[in-house]
Amino acid sequence: MLDDLDKLAAKIKEIAATVTTLRAENQQLRAQLVAASAELDAMNARVDEATRRLDALLQRLPEPIKTANSSAQWKT
């Protein structure tokens with residue numbers, strides 16, 4: 001009977017240690033998620049800015065002129 005209780009106590013300690021380890025890992029993963037989300041937001045902002053700059057450059061390009069032989073020439 002005492003042997004069974006000792007085995008049960010050892011198993012409970014093992015489970016408690018596992019729970020403690022998993023809680024610490026969970027906290028670390030949550031911190032990594034916050035950091036990754038912030039990095040993603042920063043990258044999305046950079047992509048948005050690059051898109052705006054490219055759109056502005058595209059608007060500054062001259063329009064092509066269609067000629068009789070269907071080859072496009074550029075306005076200057």
# chains A, B, ... in the order shown; residues from 1 in each chain; ligands from 1
$ select_by_dssp --residues "chain A" --states "helix (DSSP H, G or I)" --output "PyMOL selection string"
chain A and resi 2-60
$ select_by_dssp --residues "chain A" --states "strand (DSSP E)" --output "PyMOL selection string"
chain A and resi 64-66+72-74
$ atom_distance --atom1 "atom CA of Leu33 of chain A" --atom2 "atom CA of Thr51 of chain A"
26.4 Å
